[in-house]
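upload-v1.cif follows (mmCIF, C-alpha atoms and all ligand atoms):
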```cif
data_data
#
loop_
_atom_site.label_atom_id
_atom_site.label_comp_id
_atom_site.auth_asym_id
_atom_site.auth_seq_id
_atom_site.Cartn_x
_atom_site.Cartn_y
_atom_site.Cartn_z
CA MET M 22 -36.08 3.05 -76.15
CA ALA M 23 -38.82 0.51 -76.75
CA GLU M 24 -40.34 -0.13 -80.17
CA HIS M 25 -44.15 0.32 -80.19
CA TRP M 26 -46.60 -2.13 -81.79
CA ASP M 27 -50.37 -2.66 -81.73
CA ALA M 28 -49.94 -6.37 -81.25
CA VAL M 29 -47.09 -8.83 -80.91
CA VAL M 30 -47.27 -12.59 -81.04
CA ILE M 31 -44.47 -14.42 -79.24
CA GLY M 32 -43.89 -17.93 -80.57
CA GLY M 33 -44.11 -18.78 -84.27
CA GLY M 34 -45.78 -22.19 -84.01
CA PRO M 35 -49.23 -23.03 -85.36
CA ALA M 36 -51.08 -21.29 -82.48
CA GLY M 37 -49.07 -18.08 -82.81
CA LEU M 38 -49.27 -17.92 -86.60
CA MET M 39 -53.03 -18.42 -86.47
CA ALA M 40 -53.38 -15.60 -83.94
CA ALA M 41 -51.23 -13.28 -86.08
CA GLY M 42 -53.41 -13.92 -89.13
CA GLU M 43 -56.56 -12.97 -87.20
CA ILE M 44 -55.02 -9.75 -85.86
CA ALA M 45 -53.72 -8.69 -89.28
CA ALA M 46 -57.07 -9.51 -90.92
CA ALA M 47 -58.67 -7.00 -88.54
CA GLY M 48 -56.28 -4.34 -89.84
CA HIS M 49 -53.82 -4.11 -86.94
CA ARG M 50 -50.03 -3.93 -87.17
CA CYS M 51 -48.75 -7.25 -85.92
CA LEU M 52 -45.27 -8.62 -85.28
CA VAL M 53 -44.41 -12.30 -84.73
CA LEU M 54 -41.28 -12.94 -82.69
CA GLU M 55 -39.72 -16.39 -82.69
CA ALA M 56 -36.71 -17.61 -80.68
CA LYS M 57 -35.45 -20.13 -83.25
CA PRO M 58 -33.78 -19.35 -86.60
CA SER M 59 -36.97 -20.45 -88.44
CA MET M 60 -40.70 -20.61 -87.71
CA ALA M 61 -42.77 -23.60 -86.57
CA ARG M 62 -40.06 -26.21 -86.19
CA LYS M 63 -42.34 -28.56 -84.25
CA LEU M 64 -44.97 -28.34 -87.00
CA LEU M 65 -42.26 -29.32 -89.48
CA MET M 66 -41.31 -32.25 -87.24
CA ALA M 67 -44.97 -33.30 -87.10
CA GLY M 68 -44.77 -33.31 -90.90
CA LYS M 69 -42.17 -36.08 -90.76
CA SER M 70 -44.93 -38.47 -89.73
CA GLY M 71 -47.34 -37.11 -92.35
CA LEU M 72 -48.84 -34.10 -90.54
CA ASN M 73 -52.13 -35.34 -89.17
CA LEU M 74 -53.99 -32.02 -89.26
CA THR M 75 -57.32 -33.07 -87.82
CA LYS M 76 -59.80 -35.92 -87.67
CA ASP M 77 -62.90 -36.28 -89.76
CA GLU M 78 -65.40 -37.65 -87.23
CA PRO M 79 -68.68 -36.48 -85.65
CA LEU M 80 -67.93 -33.38 -83.57
CA GLU M 81 -69.37 -34.78 -80.31
CA GLY M 82 -66.93 -37.69 -80.33
CA PHE M 83 -64.11 -35.40 -81.48
CA LEU M 84 -64.66 -33.07 -78.50
CA ASP M 85 -64.67 -35.97 -76.02
CA HIS M 86 -60.98 -36.52 -76.77
CA TYR M 87 -60.11 -33.38 -74.79
CA GLY M 88 -61.26 -35.00 -71.54
CA ALA M 89 -61.58 -32.55 -68.66
CA ALA M 90 -60.56 -29.60 -70.88
CA ARG M 91 -63.51 -30.15 -73.23
CA VAL M 92 -65.53 -27.69 -71.19
CA ASN M 93 -62.91 -24.98 -71.83
CA LEU M 94 -62.09 -25.80 -75.44
CA GLU M 95 -65.50 -26.68 -76.84
CA GLN M 96 -66.58 -23.20 -77.89
CA MET M 97 -63.24 -22.49 -79.59
CA ILE M 98 -63.19 -25.80 -81.44
CA ARG M 99 -66.81 -25.46 -82.52
CA ALA M 100 -65.79 -22.09 -84.01
CA PHE M 101 -62.85 -23.72 -85.83
CA ASP M 102 -63.83 -27.34 -86.13
CA PRO M 103 -62.23 -30.15 -88.17
CA ALA M 104 -64.17 -29.07 -91.27
CA GLU M 105 -62.82 -25.51 -90.88
CA VAL M 106 -59.29 -26.81 -90.36
CA GLN M 107 -59.60 -28.62 -93.68
CA ARG M 108 -61.03 -25.58 -95.48
CA TRP M 109 -58.18 -23.47 -94.08
CA ALA M 110 -55.48 -25.88 -95.31
CA GLN M 111 -57.18 -26.14 -98.70
CA ALA M 112 -57.32 -22.34 -98.95
CA LEU M 113 -53.54 -22.42 -98.51
CA GLY M 114 -53.43 -24.57 -101.64
CA ARG M 115 -53.00 -27.95 -99.96
CA GLU M 116 -54.82 -30.98 -101.28
CA LEU M 117 -55.93 -33.19 -98.38
CA PHE M 118 -56.82 -36.82 -97.99
CA THR M 119 -58.62 -38.70 -95.22
CA GLY M 120 -57.24 -42.07 -94.14
CA SER M 121 -59.45 -45.06 -93.28
CA THR M 122 -59.47 -44.05 -89.58
CA GLY M 123 -60.66 -40.51 -90.38
CA ARG M 124 -57.25 -38.90 -89.91
CA VAL M 125 -56.73 -35.99 -92.29
CA PHE M 126 -53.34 -35.30 -93.91
CA PRO M 127 -51.99 -33.08 -96.67
CA ARG M 128 -51.59 -35.19 -99.81
CA GLU M 129 -47.81 -34.65 -99.80
CA MET M 130 -47.61 -35.96 -96.17
CA LYS M 131 -45.38 -33.16 -94.96
CA ALA M 132 -45.65 -29.71 -93.42
CA SER M 133 -43.22 -27.57 -95.40
CA PRO M 134 -45.48 -26.68 -98.39
CA LEU M 135 -48.32 -25.70 -96.02
CA LEU M 136 -45.98 -23.68 -93.80
CA ARG M 137 -44.40 -21.87 -96.75
CA ALA M 138 -47.82 -20.88 -98.13
CA TRP M 139 -48.98 -19.81 -94.67
CA LEU M 140 -45.92 -17.60 -94.01
CA ARG M 141 -46.29 -16.03 -97.47
CA GLU M 142 -49.94 -15.27 -96.77
CA LEU M 143 -49.10 -13.69 -93.40
CA GLN M 144 -46.40 -11.59 -95.00
CA ALA M 145 -48.83 -10.45 -97.70
CA SER M 146 -51.33 -9.41 -95.01
CA GLY M 147 -48.67 -7.22 -93.38
CA VAL M 148 -47.51 -9.45 -90.52
CA GLU M 149 -43.85 -8.76 -89.77
CA GLN M 150 -41.79 -11.77 -88.72
CA ARG M 151 -38.57 -11.74 -86.73
CA LEU M 152 -36.42 -14.77 -86.00
CA ARG M 153 -33.89 -15.37 -83.20
CA TRP M 154 -35.85 -13.06 -80.89
CA ARG M 155 -36.09 -14.87 -77.56
CA TRP M 156 -38.57 -13.47 -75.08
CA GLN M 157 -36.99 -13.02 -71.63
CA GLY M 158 -39.91 -11.64 -69.66
CA TRP M 159 -40.55 -7.99 -68.89
CA ARG M 160 -38.67 -4.87 -67.91
CA GLU M 161 -41.35 -2.86 -66.17
CA SER M 162 -44.19 -2.91 -68.71
CA ASN M 163 -42.00 -3.57 -71.77
CA LEU M 164 -41.40 -7.01 -73.26
CA LEU M 165 -37.75 -7.94 -73.12
CA PHE M 166 -35.97 -9.94 -75.85
CA GLU M 167 -32.53 -11.43 -76.41
CA THR M 168 -31.77 -10.84 -80.11
CA PRO M 169 -28.76 -11.11 -82.45
CA ASP M 170 -28.35 -7.35 -81.85
CA GLY M 171 -28.44 -7.64 -78.09
CA ARG M 172 -31.27 -6.90 -75.70
CA GLN M 173 -34.31 -5.19 -77.17
CA GLU M 174 -37.55 -3.92 -75.66
CA ILE M 175 -40.99 -3.80 -77.20
CA ALA M 176 -44.13 -2.07 -75.98
CA ALA M 177 -47.34 -3.57 -77.33
CA LYS M 178 -50.98 -2.86 -76.63
CA ALA M 179 -51.91 -6.54 -77.02
CA VAL M 180 -49.64 -9.57 -76.67
CA ILE M 181 -50.29 -13.17 -77.64
CA LEU M 182 -48.11 -15.74 -75.91
CA ALA M 183 -48.02 -18.93 -77.99
CA LEU M 184 -44.87 -20.48 -76.59
CA GLY M 185 -45.71 -24.18 -76.83
CA GLY M 186 -45.38 -26.97 -74.28
CA ALA M 187 -42.23 -28.42 -72.76
CA SER M 188 -41.09 -31.25 -75.04
CA TRP M 189 -38.61 -31.44 -77.90
CA ALA M 190 -36.79 -28.40 -76.49
CA ARG M 191 -34.38 -28.40 -79.43
CA LEU M 192 -37.32 -27.35 -81.64
CA GLY M 193 -37.95 -24.34 -79.40
CA SER M 194 -40.66 -25.50 -76.99
CA ASP M 195 -38.58 -25.55 -73.81
CA GLY M 196 -41.21 -24.40 -71.30
CA LEU M 197 -38.80 -21.79 -69.87
CA TRP M 198 -41.49 -19.16 -70.33
CA ALA M 199 -43.20 -20.54 -67.22
CA GLU M 200 -40.69 -18.71 -65.00
CA HIS M 201 -41.51 -15.35 -66.59
CA LEU M 202 -45.22 -15.83 -65.99
CA GLN M 203 -44.72 -17.09 -62.46
CA GLY M 204 -42.65 -13.96 -61.84
CA ARG M 205 -45.81 -11.99 -62.63
CA GLY M 206 -47.95 -14.02 -60.25
CA ILE M 207 -49.46 -16.43 -62.80
CA ALA M 208 -49.97 -19.95 -61.43
CA HIS M 209 -48.40 -22.86 -63.27
CA ALA M 210 -49.67 -26.44 -63.62
CA PRO M 211 -46.56 -28.67 -63.66
CA PHE M 212 -45.64 -30.01 -67.11
CA LYS M 213 -46.28 -33.72 -67.61
CA SER M 214 -45.59 -36.08 -70.50
CA ALA M 215 -48.61 -36.63 -72.73
CA ASN M 216 -48.49 -38.94 -75.74
CA ALA M 217 -45.23 -40.47 -74.57
CA GLY M 218 -43.76 -43.89 -75.24
CA LEU M 219 -43.14 -46.42 -72.50
CA LEU M 220 -39.72 -47.45 -71.19
CA VAL M 221 -39.31 -51.23 -70.97
CA GLU M 222 -36.20 -53.08 -69.88
CA TRP M 223 -36.52 -55.97 -72.32
CA SER M 224 -34.88 -59.32 -71.79
CA ALA M 225 -32.19 -60.21 -74.35
CA HIS M 226 -34.51 -62.43 -76.40
CA MET M 227 -36.59 -59.40 -77.43
CA ALA M 228 -33.83 -57.87 -79.59
CA PRO M 229 -34.94 -59.66 -82.80
CA HIS M 230 -38.40 -58.14 -82.33
CA PHE M 231 -37.32 -54.48 -82.28
CA GLY M 232 -39.35 -52.73 -84.97
CA GLU M 233 -42.14 -55.33 -84.79
CA PRO M 234 -45.64 -53.76 -84.87
CA ILE M 235 -48.29 -54.85 -82.36
CA LYS M 236 -51.72 -54.72 -83.93
CA GLY M 237 -55.20 -55.91 -83.01
CA VAL M 238 -54.74 -55.63 -79.23
CA GLU M 239 -56.39 -53.51 -76.56
CA TRP M 240 -54.22 -51.60 -74.09
CA GLN M 241 -55.84 -50.93 -70.72
CA ALA M 242 -54.79 -48.65 -67.86
CA GLY M 243 -57.31 -47.44 -65.29
CA ASP M 244 -60.43 -46.34 -67.13
CA LEU M 245 -58.61 -45.80 -70.45
CA ARG M 246 -58.73 -48.37 -73.26
CA SER M 247 -57.03 -48.16 -76.63
CA ARG M 248 -57.07 -50.36 -79.72
CA GLY M 249 -54.26 -48.35 -81.30
CA GLU M 250 -51.06 -49.84 -82.67
CA ALA M 251 -47.68 -49.88 -80.98
CA VAL M 252 -44.18 -50.82 -82.06
CA ILE M 253 -41.60 -52.72 -80.03
CA SER M 254 -38.47 -50.56 -79.92
CA ALA M 255 -35.09 -51.01 -78.25
CA ARG M 256 -36.21 -48.68 -75.47
CA GLY M 257 -39.75 -49.91 -74.99
CA LEU M 258 -43.12 -49.45 -76.67
CA GLU M 259 -44.09 -46.56 -78.92
CA GLY M 260 -47.09 -45.48 -80.93
CA GLY M 261 -50.67 -44.26 -80.80
CA GLY M 262 -51.96 -47.22 -78.78
CA ILE M 263 -49.58 -46.41 -75.94
CA TYR M 264 -49.99 -42.63 -76.22
CA SER M 265 -53.75 -42.96 -75.76
CA ILE M 266 -53.46 -44.57 -72.32
CA CYS M 267 -50.45 -42.55 -71.22
CA ALA M 268 -52.50 -40.16 -69.01
CA THR M 269 -53.55 -42.96 -66.62
CA VAL M 270 -50.16 -44.75 -66.76
CA ARG M 271 -48.66 -41.42 -65.72
CA GLU M 272 -50.94 -41.40 -62.68
CA GLY M 273 -49.63 -44.86 -61.68
CA GLU M 274 -52.40 -47.12 -63.02
CA ALA M 275 -51.25 -50.65 -63.92
CA LEU M 276 -51.01 -51.31 -67.67
CA SER M 277 -52.22 -54.54 -69.24
CA VAL M 278 -52.90 -55.65 -72.76
CA ASP M 279 -55.65 -57.89 -74.08
CA LEU M 280 -53.94 -59.77 -76.91
CA LEU M 281 -57.26 -60.96 -78.37
CA PRO M 282 -59.83 -58.25 -77.67
CA ASP M 283 -62.32 -59.64 -80.19
CA LEU M 284 -62.43 -63.12 -78.63
CA PRO M 285 -64.25 -63.64 -75.32
CA LEU M 286 -62.28 -65.33 -72.54
CA GLU M 287 -64.33 -68.53 -72.86
CA GLU M 288 -63.54 -68.81 -76.56
CA VAL M 289 -59.80 -68.35 -75.95
CA GLN M 290 -59.98 -71.03 -73.25
CA LYS M 291 -61.94 -73.37 -75.58
CA ARG M 292 -59.37 -73.02 -78.35
CA LEU M 293 -56.50 -73.57 -75.95
CA SER M 294 -58.16 -76.72 -74.63
CA ARG M 295 -58.02 -78.40 -78.05
CA PRO M 296 -55.56 -81.34 -78.06
CA ARG M 297 -52.18 -80.08 -79.23
CA GLY M 298 -50.57 -83.45 -80.01
CA LYS M 299 -46.84 -83.12 -80.38
CA ALA M 300 -46.90 -79.38 -81.08
CA SER M 301 -44.91 -77.17 -78.74
CA LEU M 302 -46.94 -74.70 -76.64
CA ALA M 303 -45.67 -71.86 -78.84
CA ASN M 304 -46.87 -73.59 -82.01
CA HIS M 305 -50.16 -74.50 -80.39
CA LEU M 306 -50.72 -70.87 -79.46
CA ARG M 307 -49.79 -69.72 -82.94
CA LYS M 308 -52.13 -72.18 -84.64
CA SER M 309 -55.11 -72.08 -82.32
CA LEU M 310 -55.13 -68.32 -81.66
CA LYS M 311 -53.27 -66.94 -84.69
CA LEU M 312 -51.13 -64.68 -82.54
CA GLY M 313 -48.60 -62.94 -84.80
CA ALA M 314 -44.90 -62.59 -84.02
CA GLY M 315 -45.26 -59.32 -82.11
CA ARG M 316 -48.08 -60.53 -79.84
CA MET M 317 -46.29 -63.84 -79.25
CA ALA M 318 -43.14 -61.95 -78.25
CA LEU M 319 -45.09 -59.86 -75.72
CA LEU M 320 -46.76 -62.95 -74.29
CA GLN M 321 -43.41 -64.70 -73.83
CA GLU M 322 -41.84 -61.58 -72.35
CA PHE M 323 -44.52 -60.64 -69.86
CA GLY M 324 -46.40 -63.94 -69.33
CA ARG M 325 -43.56 -66.37 -68.53
CA PRO M 326 -43.69 -68.93 -67.08
CA LEU M 327 -46.82 -69.52 -69.18
CA PRO M 328 -49.46 -71.45 -67.23
CA LYS M 329 -50.18 -74.93 -68.61
CA ASP M 330 -53.82 -74.83 -67.58
CA PRO M 331 -55.92 -73.47 -70.52
CA ALA M 332 -58.15 -71.38 -68.25
CA ALA M 333 -55.19 -69.72 -66.53
CA LEU M 334 -53.37 -69.19 -69.84
CA ALA M 335 -56.50 -67.66 -71.43
CA ALA M 336 -56.73 -65.24 -68.49
CA VAL M 337 -53.11 -64.16 -69.04
CA ILE M 338 -53.70 -63.65 -72.77
CA LYS M 339 -56.78 -61.52 -72.07
CA ALA M 340 -55.06 -59.30 -69.47
CA LEU M 341 -51.30 -59.56 -69.86
CA PRO M 342 -49.58 -57.28 -67.33
CA VAL M 343 -47.08 -54.97 -69.07
CA LYS M 344 -44.06 -54.44 -66.82
CA HIS M 345 -42.43 -51.13 -67.59
CA ALA M 346 -40.15 -48.48 -66.14
CA GLY M 347 -42.48 -45.55 -66.69
CA LEU M 348 -43.02 -43.06 -69.49
CA ARG M 349 -40.24 -41.68 -71.67
CA PRO M 350 -38.79 -38.40 -70.31
CA LEU M 351 -40.80 -35.19 -70.72
CA ASP M 352 -38.60 -33.86 -73.51
CA GLU M 353 -39.32 -36.95 -75.65
CA ALA M 354 -43.11 -36.74 -75.36
CA ILE M 355 -45.11 -35.77 -78.44
CA SER M 356 -46.93 -33.21 -76.31
CA THR M 357 -47.17 -32.06 -72.72
CA ALA M 358 -49.98 -31.51 -70.24
CA GLY M 359 -49.67 -28.68 -67.73
CA GLY M 360 -48.82 -25.03 -68.33
CA VAL M 361 -51.10 -22.04 -67.85
CA PRO M 362 -54.14 -23.16 -65.80
CA TRP M 363 -57.56 -22.36 -67.25
CA ALA M 364 -58.42 -20.51 -64.04
CA GLU M 365 -55.83 -17.85 -64.98
CA LEU M 366 -57.61 -17.13 -68.29
CA ASP M 367 -60.85 -15.40 -69.11
CA GLY M 368 -63.24 -16.49 -71.85
CA ALA M 369 -61.15 -14.71 -74.51
CA LEU M 370 -57.95 -16.52 -73.35
CA MET M 371 -56.65 -13.31 -71.77
CA LEU M 372 -54.68 -13.59 -68.53
CA LYS M 373 -57.01 -12.19 -65.87
CA ARG M 374 -54.10 -10.70 -63.92
CA LEU M 375 -52.38 -9.22 -67.00
CA PRO M 376 -54.95 -7.43 -69.17
CA GLY M 377 -53.99 -7.37 -72.84
CA ILE M 378 -51.90 -10.55 -72.63
CA PHE M 379 -53.46 -13.64 -74.20
CA CYS M 380 -52.34 -17.30 -74.31
CA ALA M 381 -52.85 -19.91 -77.03
CA GLY M 382 -51.88 -23.43 -78.01
CA GLU M 383 -50.09 -26.15 -76.10
CA MET M 384 -48.84 -23.78 -73.38
CA ILE M 385 -52.33 -23.88 -71.83
CA ASP M 386 -53.12 -26.80 -69.51
CA TRP M 387 -54.95 -29.33 -71.71
CA GLU M 388 -54.03 -32.59 -73.35
CA ALA M 389 -55.41 -34.80 -76.07
CA PRO M 390 -54.33 -37.96 -77.87
CA THR M 391 -52.56 -37.91 -81.20
CA GLY M 392 -54.86 -38.11 -84.20
CA GLY M 393 -55.07 -34.46 -85.22
CA TYR M 394 -56.62 -33.33 -81.92
CA LEU M 395 -53.47 -31.45 -80.87
CA LEU M 396 -53.08 -29.29 -83.96
CA THR M 397 -56.82 -28.65 -84.21
CA ALA M 398 -56.90 -27.25 -80.65
CA CYS M 399 -53.71 -25.23 -81.20
CA LEU M 400 -55.18 -23.64 -84.34
CA ALA M 401 -58.57 -23.07 -82.68
CA THR M 402 -57.10 -21.44 -79.55
CA GLY M 403 -54.70 -19.36 -81.66
CA ARG M 404 -57.59 -18.04 -83.70
CA TRP M 405 -59.68 -17.41 -80.56
CA ALA M 406 -56.88 -15.54 -78.79
CA GLY M 407 -56.21 -13.50 -81.95
CA GLN M 408 -59.86 -12.49 -82.09
CA GLY M 409 -59.81 -11.66 -78.37
CA ALA M 410 -56.77 -9.44 -78.88
CA THR M 411 -58.49 -7.73 -81.80
CA ARG M 412 -61.51 -6.92 -79.64
CA PHE M 413 -59.19 -5.73 -76.87
CA LEU M 414 -57.42 -3.39 -79.30
CA ALA M 415 -60.75 -1.93 -80.36
CA GLU M 416 -61.93 -1.50 -76.78
CA PRO M 417 -58.98 -1.74 -74.42
CA VAL M 418 -60.80 -0.47 -71.37
CA SER M 419 -63.66 -2.68 -70.20
C1 LIG M 501 -42.71 -35.64 -83.40
C2 LIG M 501 -44.01 -34.91 -83.28
C3 LIG M 501 -45.06 -35.23 -84.13
C4 LIG M 501 -46.29 -34.58 -84.00
N1 LIG M 501 -47.29 -34.89 -84.87
C5 LIG M 501 -48.50 -34.30 -84.74
C6 LIG M 501 -49.55 -34.59 -85.66
O1 LIG M 501 -49.37 -35.32 -86.64
N2 LIG M 501 -50.76 -34.01 -85.43
C7 LIG M 501 -51.00 -33.17 -84.37
O2 LIG M 501 -52.13 -32.70 -84.20
N3 LIG M 501 -49.99 -32.80 -83.55
C8 LIG M 501 -48.76 -33.35 -83.71
N4 LIG M 501 -47.74 -33.00 -82.87
C9 LIG M 501 -48.00 -31.96 -81.83
C10 LIG M 501 -48.01 -30.55 -82.42
O3 LIG M 501 -46.90 -30.38 -83.28
C11 LIG M 501 -47.97 -29.52 -81.28
O4 LIG M 501 -49.05 -29.78 -80.40
C12 LIG M 501 -48.08 -28.09 -81.83
O5 LIG M 501 -46.98 -27.79 -82.66
C13 LIG M 501 -48.13 -27.06 -80.69
O6 LIG M 501 -48.33 -25.81 -81.28
P1 LIG M 501 -48.03 -24.45 -80.50
O7 LIG M 501 -48.10 -23.36 -81.50
O8 LIG M 501 -48.86 -24.38 -79.28
O9 LIG M 501 -46.53 -24.62 -79.97
P2 LIG M 501 -45.18 -24.94 -80.77
O10 LIG M 501 -45.46 -25.57 -82.09
O11 LIG M 501 -44.35 -25.67 -79.79
O12 LIG M 501 -44.58 -23.50 -81.05
C14 LIG M 501 -44.13 -22.68 -79.99
C15 LIG M 501 -43.10 -21.73 -80.56
O13 LIG M 501 -42.72 -20.80 -79.54
C16 LIG M 501 -41.33 -20.57 -79.65
N5 LIG M 501 -40.83 -20.10 -78.36
C17 LIG M 501 -40.77 -20.78 -77.18
N6 LIG M 501 -40.23 -19.99 -76.22
C18 LIG M 501 -39.95 -18.79 -76.80
C19 LIG M 501 -39.40 -17.56 -76.31
N7 LIG M 501 -39.03 -17.41 -75.03
N8 LIG M 501 -39.28 -16.53 -77.16
C20 LIG M 501 -39.69 -16.63 -78.48
N9 LIG M 501 -40.20 -17.77 -78.98
C21 LIG M 501 -40.34 -18.85 -78.16
C22 LIG M 501 -40.76 -21.93 -80.02
O14 LIG M 501 -39.48 -21.82 -80.61
C23 LIG M 501 -41.82 -22.45 -80.98
O15 LIG M 501 -41.54 -22.15 -82.32
C24 LIG M 501 -46.49 -33.60 -83.00
C25 LIG M 501 -45.43 -33.26 -82.15
C26 LIG M 501 -44.20 -33.91 -82.29
C27 LIG M 501 -43.06 -33.54 -81.37
#
```

Once you've parsed the file, please lay out its structure as structure tokens.
Ligand SMILES: Cc1cc2nc3c(=O)[nH]c(=O)nc-3n(C[C@H](O)[C@H](O)[C@H](O)COP(=O)(O)OP(=O)(O)OC[C@H]3O[C@@H](n4cnc5c(N)ncnc54)[C@H](O)[C@@H]3O)c2cc1C
Amino acid sequence: MAEHWDAVVIGGGPAGLMAAGEIAAAGHRCLVLEAKPSMARKLLMAGKSGLNLTKDEPLEGFLDHYGAARVNLEQMIRAFDPAEVQRWAQALGRELFTGSTGRVFPREMKASPLLRAWLRELQASGVEQRLRWRWQGWRESNLLFETPDGRQEIAAKAVILALGGASWARLGSDGLWAEHLQGRGIAHAPFKSANAGLLVEWSAHMAPHFGEPIKGVEWQAGDLRSRGEAVISARGLEGGGIYSICATVREGEALSVDLLPDLPLEEVQKRLSRPRGKASLANHLRKSLKLGAGRMALLQEFGRPLPKDPAALAAVIKALPVKHAGLRPLDEAISTAGGVPWAELDGALMLKRLPGIFCAGEMIDWEAPTGGYLLTACLATGRWAGQGATRFLAEPVS
């Protein structure tokens, strides 16, 4: 016998919780079902690096960060924009601060206080929450779950799928849901690493530089450019600067780094042409160009043998080829591209082939850099799908 609900949300991450709040606010019975033993584990992980909720910048520029998916996401983000994200977090009792780059964080730089307040609020508004309920697809028209009490079935008038992408599977987002949707004829855009570090097989002399930050450079791959920071790690290069150009690296574009983006080539050449006396080339570079330890290490690693001619050396410094072994594996990416194609969804985020079933969050095929763009779009699509489900419940037959 199946249990009957107005609405169920499958996946207790930020997109799913947002959708549940909207449905409950409209007065419907709503149940959130989550596979893991606690809700929103990836959100909690995001909290370990401070929980960058959104970015305080002009909306036009903010929307551009969604690339090709801007056209699909714009309306939803305009309806729940960075200012709304901040108001929402403040309404949950969180004090926020905006860093010098516009990134917005909770003052305590973690996710658990926000999540606790959010779950309490959902509970107070009547949302029921069940843990360790893993969705396994359908049996006829009922939703099928693996639960601590064995297999269970649920019949719901409206369903929100908010199952996440396909990275950090141990936190719950394993992408296995794709099979269930494909079984019902829904197309799938293959998952790809987004915001992933780079694998580099360093030579032995790089070991002392592990942990060294690389600042003040410009990474370039295809038509993408990024001034973001990176860190040299034992496995390669990590950090926002690399994540931002990861989409074109993934497509096979060559990666290079301009070690002195604020100095024109001619100026670098002029400085390198100054007499260096008895100074070694390394010291000459350090003094004339003020390259820090991290940038010097990259130059030695990727530029050797360094040309003696100042013009040739300046050209290497301005476009140093970064030799790498590709992106870190999918499961280690901060987020993933791919998932449910936009063509499968209508304007309310409902699956066109499965009326009453809506999708939200990272499981839809879009990508964006780190910087608060990911969570903002997850919250905005969760809210949008929740509102769509609410309208569907009021008027199920179109
Ligand atoms: C280390 C790290 C740091 C990050 N930092 C930031 C940041 O600072 N700012 C930012 O904007 N973004 C950040 N992100 C990205 C952000 O956390 C995600 O984009 C966001 O959590 C996705 O939300 P979601 O609700 O779509 O999916 P998820 O948060 O992945 O939630 C999906 C939920 O669905 C559940 N689920 C999956 N399959 C099933 C099933 N079959 N049955 C039942 N439940 C299921 C999962 O267990 C999971 O709880 C970070 C990510 C990582 C890994």

For Ala364 (chain M), which residue out of M:His345, M:Arg115, M:His305, M:His209 is the nearest one, using all atoms listed in the file? M:His209

Give the answer as one residue: which of M:Met227, M:Ala67, M:Ile44, M:Leu372 has the shortest atom-to-atom distance to ligand LIG 501 (chain M), using only C-alpha atoms and all ligand atoms? M:Ala67

Select, counting all atoms listed in the file, all protein, DNA and RNA residues no farther than 12 Å from (-50.0, -20.2, -77.9) in file coordinates, and express the selection as a ChimeraX atom specification. /M:30-41,53,55,61,180-186,194,196,198,360-361,370-371,378-386,396,398-407

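Straight-line separation from CA of Arg205 (chain M) to CA of Asn93 (chain M): 23.4 Å.
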
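Note that CA of Ala340 (chain M) and CA of Gln290 (chain M) are 13.3 Å apart.
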
May I have a table of the residues of region 159-221 of chain M lying at most 10 Å from region 245-253 of chain M, giving each one's closest pair of atoms and their distance in Å to one decimal, counting all atoms listed in the file, ordered by chain and ascending residue number, as a tab-separated table?
```
residue	atom	partner	partner_atom	distance
M:Gly218	CA	M:Ala251	CA	9.2
M:Leu219	CA	M:Ile253	CA	9.9
M:Val221	CA	M:Ile253	CA	9.5
```

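Here CA of Ser224 (chain M) stands at a distance of 22.9 Å from CA of Ala336 (chain M).
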
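Minimum distance to Pro169 (chain M) across M:Ala415, M:Leu84, M:Ala346, M:Ala56 (counting all atoms listed in the file) occurs at M:Ala56.
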
Given only C-alpha atoms as the basis, pick out the residue of M:Leu135, M:Leu320, M:Ala217, M:Gln157 nearest to Arg172 (chain M).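 Smallest distance to Arg172 (chain M) is found for M:Gln157.
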
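Among M:Ser188, M:Arg297, M:Arg412, M:Gly313, the residue with the shortest atom-to-atom distance to Ala354 (chain M), counting all atoms listed in the file, is M:Ser188.
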
I'd like to know which of M:Ala177, M:Leu197, M:Ala242, M:Cys51 is closest to ligand LIG 501 (chain M), using only C-alpha atoms and all ligand atoms. M:Leu197

Excluding Trp156 (chain M) and any residue of its chain fewer than 4 positions from it, enumerate the residues within 7 Å of it, using only C-alpha atoms, and give them as an MDAnalysis selection string. chainID M and resid 165:167

Please list as a ChimeraX atom specification every residue within 12 Å of Pro296 (chain M), counting all atoms listed in the file and excluding residues in the same chain fewer than 5 positions away. /M:291,301-302,305-306,308-309,331

How big is the axis-aligned box around the listed atoms of ligand LIG 501 (chain M) once 5 Å is added on each side, and where is its centre? Give both in Å to one decimal, as lines of an AutoDock Vina configuration file.
```
center_x = -45.6
center_y = -26.1
center_z = -80.8
size_x = 23.1
size_y = 29.1
size_z = 21.6
```

Show which residues sit within 12 Å of Ala389 (chain M), as a ChimeraX atom specification. Count all atoms listed in the file, and ignore same-chain residues fewer than 2 positions away. /M:83-91,94,214-217,261,264-268,355-359,383,386-387,391-399

Within 12 Å of Gly237 (chain M), counting all atoms listed in the file, which residues qualify if same-chain residues fewer than 3 places away don't, as an NGL selection string? :M and (234 or 240 or 247-251 or 262 or 278-284 or 311-313 or 315-316)

Kindly provide, as a list in words, the polymer residues lying within 12 Å of (-40.1, -4.0, -66.9), counting all atoms listed in the file and using the coordinates exactly as they appear in the file. Ala23, Gln157, Gly158, Trp159, Arg160, Glu161, Ser162, Asn163, Leu164, Leu165, Phe166, Gln173, Glu174, Ile175, Ala176, His201, Gly204 and Arg205 of chain M
